[in-house]
$ cat coords-v5.cif   # mmCIF, C-alpha atoms
data_upload
loop_
_atom_site.group_PDB
_atom_site.id
_atom_site.type_symbol
_atom_site.label_atom_id
_atom_site.label_comp_id
_atom_site.auth_asym_id
_atom_site.auth_seq_id
_atom_site.Cartn_x
_atom_site.Cartn_y
_atom_site.Cartn_z
ATOM 1 C CA MET A 1 91.138 88.809 142.429
ATOM 2 C CA GLY A 2 90.325 89.325 138.735
ATOM 3 C CA LEU A 3 91.626 91.933 136.387
ATOM 4 C CA SER A 4 90.169 95.431 136.452
ATOM 5 C CA GLU A 5 88.084 96.509 133.464
ATOM 6 C CA ARG A 6 91.000 98.683 132.330
ATOM 7 C CA ARG A 7 93.413 95.734 132.470
ATOM 8 C CA LYS A 8 90.926 93.570 130.556
ATOM 9 C CA MET A 9 90.643 96.309 127.915
ATOM 10 C CA GLU A 10 94.431 96.554 127.648
ATOM 11 C CA ALA A 11 94.733 92.754 127.382
ATOM 12 C CA GLY A 12 92.272 92.587 124.478
ATOM 13 C CA GLU A 13 89.658 90.753 126.555
ATOM 14 C CA TRP A 14 85.951 91.498 126.930
ATOM 15 C CA TYR A 15 85.460 94.321 129.421
ATOM 16 C CA CYS A 16 82.679 96.572 130.671
ATOM 17 C CA CYS A 17 83.053 100.156 129.475
ATOM 18 C CA PHE A 18 80.716 101.332 132.278
ATOM 19 C CA ASP A 19 83.494 101.500 134.835
ATOM 20 C CA PRO A 20 84.624 104.330 137.170
ATOM 21 C CA GLU A 21 88.313 104.009 136.249
ATOM 22 C CA LEU A 22 87.542 104.085 132.511
ATOM 23 C CA ASP A 23 85.120 106.984 133.079
ATOM 24 C CA ALA A 24 87.930 108.932 134.779
ATOM 25 C CA LEU A 25 90.306 108.243 131.886
ATOM 26 C CA ARG A 26 87.704 109.397 129.361
ATOM 27 C CA TRP A 27 87.106 112.541 131.405
ATOM 28 C CA ARG A 28 90.839 113.317 131.374
ATOM 29 C CA ALA A 29 90.815 112.900 127.582
ATOM 30 C CA ARG A 30 87.816 115.243 127.257
ATOM 31 C CA GLU A 31 89.717 117.920 129.188
ATOM 32 C CA ALA A 32 92.810 117.555 126.985
ATOM 33 C CA VAL A 33 90.739 117.539 123.786
ATOM 34 C CA TYR A 34 88.882 120.646 124.949
ATOM 35 C CA ALA A 35 92.187 122.421 125.618
ATOM 36 C CA HIS A 36 93.424 121.511 122.132
ATOM 37 C CA ASN A 37 90.201 122.412 120.326
ATOM 38 C CA SER A 38 89.947 125.733 122.203
ATOM 39 C CA MET A 39 93.426 127.055 121.396
ATOM 40 C CA PRO A 40 93.346 130.382 119.575
ATOM 41 C CA PRO A 41 94.653 130.133 115.998
ATOM 42 C CA SER A 42 97.589 132.367 116.946
ATOM 43 C CA GLN A 43 98.767 129.719 119.427
ATOM 44 C CA ARG A 44 98.323 126.760 117.129
ATOM 45 C CA GLY A 45 101.532 124.991 116.405
ATOM 46 C CA ASN A 46 101.573 121.316 116.970
ATOM 47 C CA LEU A 47 99.416 120.175 119.898
ATOM 48 C CA ALA A 48 98.026 121.630 123.070
ATOM 49 C CA PRO A 49 100.397 120.593 125.881
ATOM 50 C CA GLU A 50 97.555 118.715 127.609
ATOM 51 C CA LEU A 51 96.922 116.595 124.505
ATOM 52 C CA SER A 52 100.607 115.948 123.882
ATOM 53 C CA ALA A 53 101.008 114.797 127.496
ATOM 54 C CA LEU A 54 97.994 112.502 127.181
ATOM 55 C CA PHE A 55 99.237 110.543 124.152
ATOM 56 C CA ALA A 56 101.448 107.482 124.589
ATOM 57 C CA ASN A 57 103.811 109.120 122.102
ATOM 58 C CA ALA A 58 103.761 112.149 119.830
ATOM 59 C CA GLY A 59 106.712 112.617 117.486
ATOM 60 C CA GLU A 60 108.123 115.895 116.250
ATOM 61 C CA ASN A 61 106.027 118.165 114.042
ATOM 62 C CA VAL A 62 102.687 116.463 114.665
ATOM 63 C CA PHE A 63 99.804 118.705 113.634
ATOM 64 C CA ILE A 64 96.182 118.005 114.534
ATOM 65 C CA GLU A 65 93.551 120.410 113.242
ATOM 66 C CA ALA A 66 90.588 121.241 115.461
ATOM 67 C CA PRO A 67 88.144 119.837 116.121
ATOM 68 C CA PHE A 68 89.689 116.545 117.192
ATOM 69 C CA HIS A 69 88.278 113.844 119.461
ATOM 70 C CA CYS A 70 89.697 110.777 121.172
ATOM 71 C CA SER A 71 88.172 108.595 123.851
ATOM 72 C CA TYR A 72 91.262 107.911 125.995
ATOM 73 C CA GLY A 73 94.310 109.338 124.208
ATOM 74 C CA ILE A 74 96.647 107.178 126.295
ATOM 75 C CA ASN A 75 96.590 104.475 123.615
ATOM 76 C CA ILE A 76 97.578 106.781 120.728
ATOM 77 C CA SER A 77 101.127 106.760 119.399
ATOM 78 C CA LEU A 78 102.022 109.206 116.613
ATOM 79 C CA GLY A 79 105.217 109.204 114.591
ATOM 80 C CA ARG A 80 107.008 112.271 113.271
ATOM 81 C CA GLN A 81 105.224 114.672 110.918
ATOM 82 C CA VAL A 82 101.791 113.093 111.305
ATOM 83 C CA TYR A 83 99.000 115.369 110.085
ATOM 84 C CA MET A 84 95.304 115.047 110.933
ATOM 85 C CA ASN A 85 92.821 117.343 109.243
ATOM 86 C CA ALA A 86 89.737 118.755 110.983
ATOM 87 C CA GLY A 87 87.146 116.427 112.462
ATOM 88 C CA CYS A 88 89.270 113.342 113.042
ATOM 89 C CA THR A 89 88.037 110.964 115.742
ATOM 90 C CA ILE A 90 90.060 108.178 117.335
ATOM 91 C CA LEU A 91 88.183 105.861 119.710
ATOM 92 C CA ASP A 92 91.337 104.376 121.175
ATOM 93 C CA SER A 93 90.210 101.669 123.554
ATOM 94 C CA ALA A 94 93.171 99.731 122.087
ATOM 95 C CA GLY A 95 96.474 100.913 120.721
ATOM 96 C CA VAL A 96 96.453 103.181 117.673
ATOM 97 C CA HIS A 97 99.834 103.656 116.012
ATOM 98 C CA ILE A 98 100.220 106.129 113.151
ATOM 99 C CA GLY A 99 103.614 106.061 111.443
ATOM 100 C CA ASP A 100 105.931 108.863 110.366
ATOM 101 C CA GLY A 101 104.689 111.142 107.613
ATOM 102 C CA SER A 102 101.152 109.757 107.500
ATOM 103 C CA MET A 103 98.268 112.102 106.762
ATOM 104 C CA LEU A 104 94.584 111.773 107.626
ATOM 105 C CA GLY A 105 92.009 113.778 105.696
ATOM 106 C CA PRO A 106 89.078 115.577 107.305
ATOM 107 C CA GLY A 107 86.612 113.480 109.256
ATOM 108 C CA VAL A 108 88.668 110.277 109.367
ATOM 109 C CA HIS A 109 87.410 107.968 112.112
ATOM 110 C CA ILE A 110 89.268 105.108 113.802
ATOM 111 C CA TYR A 111 87.192 102.766 115.970
ATOM 112 C CA CYS A 112 88.994 100.204 118.138
ATOM 113 C CA ALA A 113 86.000 99.022 120.187
ATOM 114 C CA GLU A 114 83.674 96.287 119.049
ATOM 115 C CA HIS A 115 80.457 96.031 121.027
ATOM 116 C CA HIS A 116 79.073 92.639 121.984
ATOM 117 C CA LYS A 117 76.680 91.060 119.497
ATOM 118 C CA ASP A 118 74.385 89.814 122.269
ATOM 119 C CA ALA A 119 71.905 92.656 122.930
ATOM 120 C CA GLY A 120 71.841 92.107 126.693
ATOM 121 C CA LEU A 121 75.629 92.088 127.018
ATOM 122 C CA ARG A 122 75.911 95.056 124.655
ATOM 123 C CA GLY A 123 73.428 96.974 126.789
ATOM 124 C CA ALA A 124 75.510 96.121 129.854
ATOM 125 C CA GLY A 125 78.517 97.828 128.229
ATOM 126 C CA MET A 126 80.485 94.772 127.139
ATOM 127 C CA GLU A 127 83.020 95.416 124.415
ATOM 128 C CA ILE A 128 86.401 94.235 123.196
ATOM 129 C CA ALA A 129 89.184 96.448 121.860
ATOM 130 C CA ARG A 130 91.362 95.721 118.830
ATOM 131 C CA PRO A 131 94.386 97.811 117.800
ATOM 132 C CA VAL A 132 94.800 99.792 114.589
ATOM 133 C CA VAL A 133 98.219 100.210 112.978
ATOM 134 C CA ILE A 134 98.851 102.738 110.206
ATOM 135 C CA GLY A 135 102.299 102.530 108.638
ATOM 136 C CA LYS A 136 104.612 105.270 107.428
ATOM 137 C CA SER A 137 103.702 107.700 104.638
ATOM 138 C CA VAL A 138 100.072 106.561 104.478
ATOM 139 C CA TRP A 139 97.344 108.815 103.071
ATOM 140 C CA ILE A 140 93.822 108.295 104.398
ATOM 141 C CA GLY A 141 91.189 110.258 102.497
ATOM 142 C CA GLY A 142 88.451 112.304 104.131
ATOM 143 C CA GLY A 143 85.576 110.494 105.768
ATOM 144 C CA ALA A 144 87.310 107.105 105.779
ATOM 145 C CA ILE A 145 86.594 104.720 108.650
ATOM 146 C CA LEU A 146 89.062 102.166 110.007
ATOM 147 C CA VAL A 147 87.768 99.486 112.368
ATOM 148 C CA GLY A 148 89.678 97.681 115.088
ATOM 149 C CA GLY A 149 92.139 94.993 114.176
ATOM 150 C CA VAL A 150 93.314 96.442 110.845
ATOM 151 C CA THR A 151 96.806 97.303 109.685
ATOM 152 C CA VAL A 152 97.445 99.728 106.831
ATOM 153 C CA GLY A 153 100.887 99.138 105.330
ATOM 154 C CA ASP A 154 103.541 101.726 104.567
ATOM 155 C CA GLY A 155 102.802 103.994 101.617
ATOM 156 C CA ALA A 156 99.198 102.805 101.227
ATOM 157 C CA ILE A 157 96.318 105.046 100.179
ATOM 158 C CA VAL A 158 92.801 104.739 101.585
ATOM 159 C CA GLY A 159 90.271 106.531 99.390
ATOM 160 C CA ALA A 160 87.845 109.102 100.737
ATOM 161 C CA GLY A 161 84.819 107.493 102.368
ATOM 162 C CA ALA A 162 86.325 103.995 102.384
ATOM 163 C CA VAL A 163 85.446 101.624 105.221
ATOM 164 C CA VAL A 164 88.532 99.574 106.060
ATOM 165 C CA THR A 165 87.583 96.224 107.620
ATOM 166 C CA LYS A 166 90.639 94.207 106.497
ATOM 167 C CA ASP A 167 94.369 94.822 106.345
ATOM 168 C CA VAL A 168 95.688 97.014 103.533
ATOM 169 C CA ALA A 169 98.983 95.932 101.947
ATOM 170 C CA ALA A 170 101.934 98.290 101.788
ATOM 171 C CA GLY A 171 101.701 100.496 98.694
ATOM 172 C CA ALA A 172 98.118 99.442 97.919
ATOM 173 C CA THR A 173 95.224 101.787 97.170
ATOM 174 C CA VAL A 174 91.808 100.811 98.535
ATOM 175 C CA VAL A 175 88.390 102.393 98.008
ATOM 176 C CA GLY A 176 84.754 101.674 98.785
ATOM 177 C CA ASN A 177 82.628 100.013 101.438
ATOM 178 C CA PRO A 178 84.041 97.614 102.323
ATOM 179 C CA ALA A 179 87.412 98.886 101.128
ATOM 180 C CA ARG A 180 88.894 96.867 98.280
ATOM 181 C CA PRO A 181 92.108 97.240 96.273
ATOM 182 C CA VAL A 182 92.110 99.132 92.979
ATOM 183 C CA GLY A 183 94.703 99.181 90.245
ATOM 184 C CA VAL A 184 95.777 95.597 90.885
ATOM 185 C CA LYS A 185 96.579 93.692 87.695
#

$ encode --input "coords-v5.cif" --output "structure tokens"
Amino acid sequence: MGLSERRKMEAGEWYCCFDPELDALRWRAREAVYAHNSMPPSQRGNLAPELSALFANAGENVFIEAPFHCSYGINISLGRQVYMNAGCTILDSAGVHIGDGSMLGPGVHIYCAEHHKDAGLRGAGMEIARPVVIGKSVWIGGGAILVGGVTVGDGAIVGAGAVVTKDVAAGATVVGNPARPVGVK
């Protein structure tokens, strides 16, 4: 018997996102995200317990402003003192690791899924998931987009509105669409 769609997704193979098991996982994430986004300001601290329990890992002193959205949550691993400003979205069909002390500005989006280029297969829900790794002490400016398969090295800066389609070296600053290094001599 072949792999389930979830196992294909986890293995980085083509899978169909129109699947009852994946639907159930997304529903669980919606419930946890709702609980987090609905917390009264007086109860805000780090994370709603439902969201913290959903993540693969959430280090100490993680703070995620509402609203926040993730598709599964189970593939998200956050280091210590990670901060996400309002409106961040993580479509975590693959692993998303955010290192200690990294900060995401408002409206940062991380997209792990890549839909099939063939229109028929795309319409049938075929996609492949690629991980995103963000190192320690990274700053990602508001409105930036990171696509699946990229790594942002420790101490890097991603400018506001940048679209990151390739790896970013440790300590580098990138801006633009597509993101490109600045200040390199």

$ residues_around --input "coords-v5.cif" --residues "Ala29 in chain A" --least-positions-apart "5" --cutoff "8 Å" --atoms "only C-alpha atoms" --output "number ranges by chain"
A: 51, 54, 70-73

$ resolve_selection --input "coords-v5.cif" --expression "the PyMOL selection byres ((chain A and resi 83) around 9)" --output "PyMOL selection string"
chain A and resi 61-65+81-82+84-85+101-105

$ write_last_selection --input "coords-v5.cif" --atoms "C-alpha atoms" --output "tab-separated table (two decimals), keeping the file's coordinate frame"
chain	number	residue	atom	x	y	z
A	61	ASN	CA	106.03	118.16	114.04
A	62	VAL	CA	102.69	116.46	114.66
A	63	PHE	CA	99.80	118.70	113.63
A	64	ILE	CA	96.18	118.00	114.53
A	65	GLU	CA	93.55	120.41	113.24
A	81	GLN	CA	105.22	114.67	110.92
A	82	VAL	CA	101.79	113.09	111.30
A	84	MET	CA	95.30	115.05	110.93
A	85	ASN	CA	92.82	117.34	109.24
A	101	GLY	CA	104.69	111.14	107.61
A	102	SER	CA	101.15	109.76	107.50
A	103	MET	CA	98.27	112.10	106.76
A	104	LEU	CA	94.58	111.77	107.63
A	105	GLY	CA	92.01	113.78	105.70

$ resolve_selection --input "coords-v5.cif" --expression "the PyMOL selection byres ((chain A and resi 2-12) around 12)" --output "ChimeraX atom specification"
/A:1,13-26,72,74-75,92-95,112-114,125-131,148-149

$ closest_residue --input "coords-v5.cif" --among "A:Glu31, A:Asp118, A:Glu60, A:Asp100" --to "Gly155 in chain A" --atoms "all atoms listed in the file"
A:Asp100

$ resolve_selection --input "coords-v5.cif" --expression "the PyMOL selection byres ((chain A and resi 142) around 12)" --output "PyMOL selection string"
chain A and resi 84-89+103-109+139-141+143-146+157-163+175

$ closest_residue --input "coords-v5.cif" --among "A:Ala58, A:Val164, A:Ala119, A:Val96" --to "Arg80 in chain A" --atoms "only C-alpha atoms"
A:Ala58

$ closest_residue --input "coords-v5.cif" --among "A:Ser77, A:Thr151, A:Thr165, A:Asn57" --to "Arg180 in chain A" --atoms "only C-alpha atoms"
A:Thr165

$ decode --input "coords-v5.cif" --residues "range 104-138 of chain A" --atoms "N, CA and C atoms" --output "PDB file, in the first residue's frame"
ATOM      1  N   LEU A 104       9.833  38.899  13.169  1.00  0.00           N
ATOM      2  CA  LEU A 104       9.120  39.057  11.907  1.00  0.00           C
ATOM      3  C   LEU A 104       8.223  40.277  12.022  1.00  0.00           C
ATOM      4  N   GLY A 105       8.330  41.183  11.053  1.00  0.00           N
ATOM      5  CA  GLY A 105       7.502  42.373  11.035  1.00  0.00           C
ATOM      6  C   GLY A 105       6.062  42.033  10.683  1.00  0.00           C
ATOM      7  N   PRO A 106       5.200  43.053  10.662  1.00  0.00           N
ATOM      8  CA  PRO A 106       3.791  42.810  10.359  1.00  0.00           C
ATOM      9  C   PRO A 106       3.608  42.280   8.944  1.00  0.00           C
ATOM     10  N   GLY A 107       2.686  41.338   8.810  1.00  0.00           N
ATOM     11  CA  GLY A 107       2.303  40.842   7.496  1.00  0.00           C
ATOM     12  C   GLY A 107       3.342  39.998   6.792  1.00  0.00           C
ATOM     13  N   VAL A 108       4.303  39.439   7.525  1.00  0.00           N
ATOM     14  CA  VAL A 108       5.270  38.533   6.891  1.00  0.00           C
ATOM     15  C   VAL A 108       4.555  37.230   6.552  1.00  0.00           C
ATOM     16  N   HIS A 109       4.814  36.722   5.354  1.00  0.00           N
ATOM     17  CA  HIS A 109       4.207  35.473   4.902  1.00  0.00           C
ATOM     18  C   HIS A 109       5.288  34.473   4.544  1.00  0.00           C
ATOM     19  N   ILE A 110       5.087  33.225   4.975  1.00  0.00           N
ATOM     20  CA  ILE A 110       5.978  32.114   4.645  1.00  0.00           C
ATOM     21  C   ILE A 110       5.136  31.046   3.972  1.00  0.00           C
ATOM     22  N   TYR A 111       5.515  30.695   2.740  1.00  0.00           N
ATOM     23  CA  TYR A 111       4.746  29.734   1.940  1.00  0.00           C
ATOM     24  C   TYR A 111       5.614  28.522   1.621  1.00  0.00           C
ATOM     25  N   CYS A 112       5.289  27.377   2.189  1.00  0.00           N
ATOM     26  CA  CYS A 112       6.052  26.156   1.920  1.00  0.00           C
ATOM     27  C   CYS A 112       5.547  25.404   0.699  1.00  0.00           C
ATOM     28  N   ALA A 113       4.270  25.509   0.391  1.00  0.00           N
ATOM     29  CA  ALA A 113       3.681  24.726  -0.705  1.00  0.00           C
ATOM     30  C   ALA A 113       3.965  25.353  -2.060  1.00  0.00           C
ATOM     31  N   GLU A 114       4.236  24.496  -3.002  1.00  0.00           N
ATOM     32  CA  GLU A 114       4.358  24.897  -4.405  1.00  0.00           C
ATOM     33  C   GLU A 114       3.322  24.082  -5.180  1.00  0.00           C
ATOM     34  N   HIS A 115       2.415  24.749  -5.837  1.00  0.00           N
ATOM     35  CA  HIS A 115       1.382  24.061  -6.591  1.00  0.00           C
ATOM     36  C   HIS A 115       1.940  23.581  -7.922  1.00  0.00           C
ATOM     37  N   HIS A 116       1.350  22.521  -8.430  1.00  0.00           N
ATOM     38  CA  HIS A 116       1.831  21.931  -9.689  1.00  0.00           C
ATOM     39  C   HIS A 116       1.683  22.917 -10.839  1.00  0.00           C
ATOM     40  N   LYS A 117       2.626  22.895 -11.755  1.00  0.00           N
ATOM     41  CA  LYS A 117       2.592  23.809 -12.899  1.00  0.00           C
ATOM     42  C   LYS A 117       1.603  23.359 -13.968  1.00  0.00           C
ATOM     43  N   ASP A 118       1.291  22.080 -14.010  1.00  0.00           N
ATOM     44  CA  ASP A 118       0.286  21.562 -14.935  1.00  0.00           C
ATOM     45  C   ASP A 118      -1.099  21.954 -14.400  1.00  0.00           C
ATOM     46  N   ALA A 119      -1.884  22.654 -15.205  1.00  0.00           N
ATOM     47  CA  ALA A 119      -3.180  23.179 -14.748  1.00  0.00           C
ATOM     48  C   ALA A 119      -4.115  22.077 -14.255  1.00  0.00           C
ATOM     49  N   GLY A 120      -4.151  20.958 -14.943  1.00  0.00           N
ATOM     50  CA  GLY A 120      -5.028  19.861 -14.529  1.00  0.00           C
ATOM     51  C   GLY A 120      -4.625  19.286 -13.184  1.00  0.00           C
ATOM     52  N   LEU A 121      -3.322  19.060 -12.997  1.00  0.00           N
ATOM     53  CA  LEU A 121      -2.836  18.528 -11.723  1.00  0.00           C
ATOM     54  C   LEU A 121      -2.980  19.559 -10.606  1.00  0.00           C
ATOM     55  N   ARG A 122      -2.759  20.822 -10.927  1.00  0.00           N
ATOM     56  CA  ARG A 122      -2.955  21.889  -9.946  1.00  0.00           C
ATOM     57  C   ARG A 122      -4.411  21.927  -9.496  1.00  0.00           C
ATOM     58  N   GLY A 123      -5.323  21.832 -10.452  1.00  0.00           N
ATOM     59  CA  GLY A 123      -6.745  21.837 -10.128  1.00  0.00           C
ATOM     60  C   GLY A 123      -7.163  20.629  -9.309  1.00  0.00           C
ATOM     61  N   ALA A 124      -6.415  19.537  -9.436  1.00  0.00           N
ATOM     62  CA  ALA A 124      -6.696  18.329  -8.660  1.00  0.00           C
ATOM     63  C   ALA A 124      -6.060  18.382  -7.270  1.00  0.00           C
ATOM     64  N   GLY A 125      -5.402  19.506  -6.947  1.00  0.00           N
ATOM     65  CA  GLY A 125      -4.840  19.682  -5.608  1.00  0.00           C
ATOM     66  C   GLY A 125      -3.418  19.183  -5.425  1.00  0.00           C
ATOM     67  N   MET A 126      -2.708  18.948  -6.516  1.00  0.00           N
ATOM     68  CA  MET A 126      -1.336  18.447  -6.381  1.00  0.00           C
ATOM     69  C   MET A 126      -0.373  19.576  -6.023  1.00  0.00           C
ATOM     70  N   GLU A 127       0.402  19.333  -4.986  1.00  0.00           N
ATOM     71  CA  GLU A 127       1.420  20.279  -4.561  1.00  0.00           C
ATOM     72  C   GLU A 127       2.577  19.530  -3.922  1.00  0.00           C
ATOM     73  N   ILE A 128       3.672  20.254  -3.749  1.00  0.00           N
ATOM     74  CA  ILE A 128       4.856  19.716  -3.082  1.00  0.00           C
ATOM     75  C   ILE A 128       5.263  20.738  -2.034  1.00  0.00           C
ATOM     76  N   ALA A 129       5.792  20.268  -0.918  1.00  0.00           N
ATOM     77  CA  ALA A 129       6.134  21.156   0.192  1.00  0.00           C
ATOM     78  C   ALA A 129       7.646  21.203   0.390  1.00  0.00           C
ATOM     79  N   ARG A 130       8.151  22.426   0.569  1.00  0.00           N
ATOM     80  CA  ARG A 130       9.586  22.632   0.791  1.00  0.00           C
ATOM     81  C   ARG A 130       9.768  23.433   2.082  1.00  0.00           C
ATOM     82  N   PRO A 131      10.726  23.025   2.913  1.00  0.00           N
ATOM     83  CA  PRO A 131      10.910  23.693   4.210  1.00  0.00           C
ATOM     84  C   PRO A 131      11.484  25.100   4.089  1.00  0.00           C
ATOM     85  N   VAL A 132      11.302  25.869   5.151  1.00  0.00           N
ATOM     86  CA  VAL A 132      11.887  27.199   5.288  1.00  0.00           C
ATOM     87  C   VAL A 132      12.630  27.222   6.621  1.00  0.00           C
ATOM     88  N   VAL A 133      13.879  27.669   6.578  1.00  0.00           N
ATOM     89  CA  VAL A 133      14.695  27.764   7.789  1.00  0.00           C
ATOM     90  C   VAL A 133      15.140  29.217   7.953  1.00  0.00           C
ATOM     91  N   ILE A 134      14.849  29.775   9.114  1.00  0.00           N
ATOM     92  CA  ILE A 134      15.264  31.134   9.462  1.00  0.00           C
ATOM     93  C   ILE A 134      16.191  30.990  10.662  1.00  0.00           C
ATOM     94  N   GLY A 135      17.405  31.483  10.528  1.00  0.00           N
ATOM     95  CA  GLY A 135      18.406  31.334  11.578  1.00  0.00           C
ATOM     96  C   GLY A 135      18.114  32.168  12.814  1.00  0.00           C
ATOM     97  N   LYS A 136      19.133  32.306  13.638  1.00  0.00           N
ATOM     98  CA  LYS A 136      19.033  33.074  14.879  1.00  0.00           C
ATOM     99  C   LYS A 136      19.226  34.558  14.596  1.00  0.00           C
ATOM    100  N   SER A 137      18.548  35.376  15.387  1.00  0.00           N
ATOM    101  CA  SER A 137      18.704  36.840  15.358  1.00  0.00           C
ATOM    102  C   SER A 137      18.489  37.429  13.972  1.00  0.00           C
ATOM    103  N   VAL A 138      17.508  36.909  13.264  1.00  0.00           N
ATOM    104  CA  VAL A 138      17.149  37.401  11.928  1.00  0.00           C
ATOM    105  C   VAL A 138      16.041  38.436  12.083  1.00  0.00           C
TER     106      VAL A 138
END
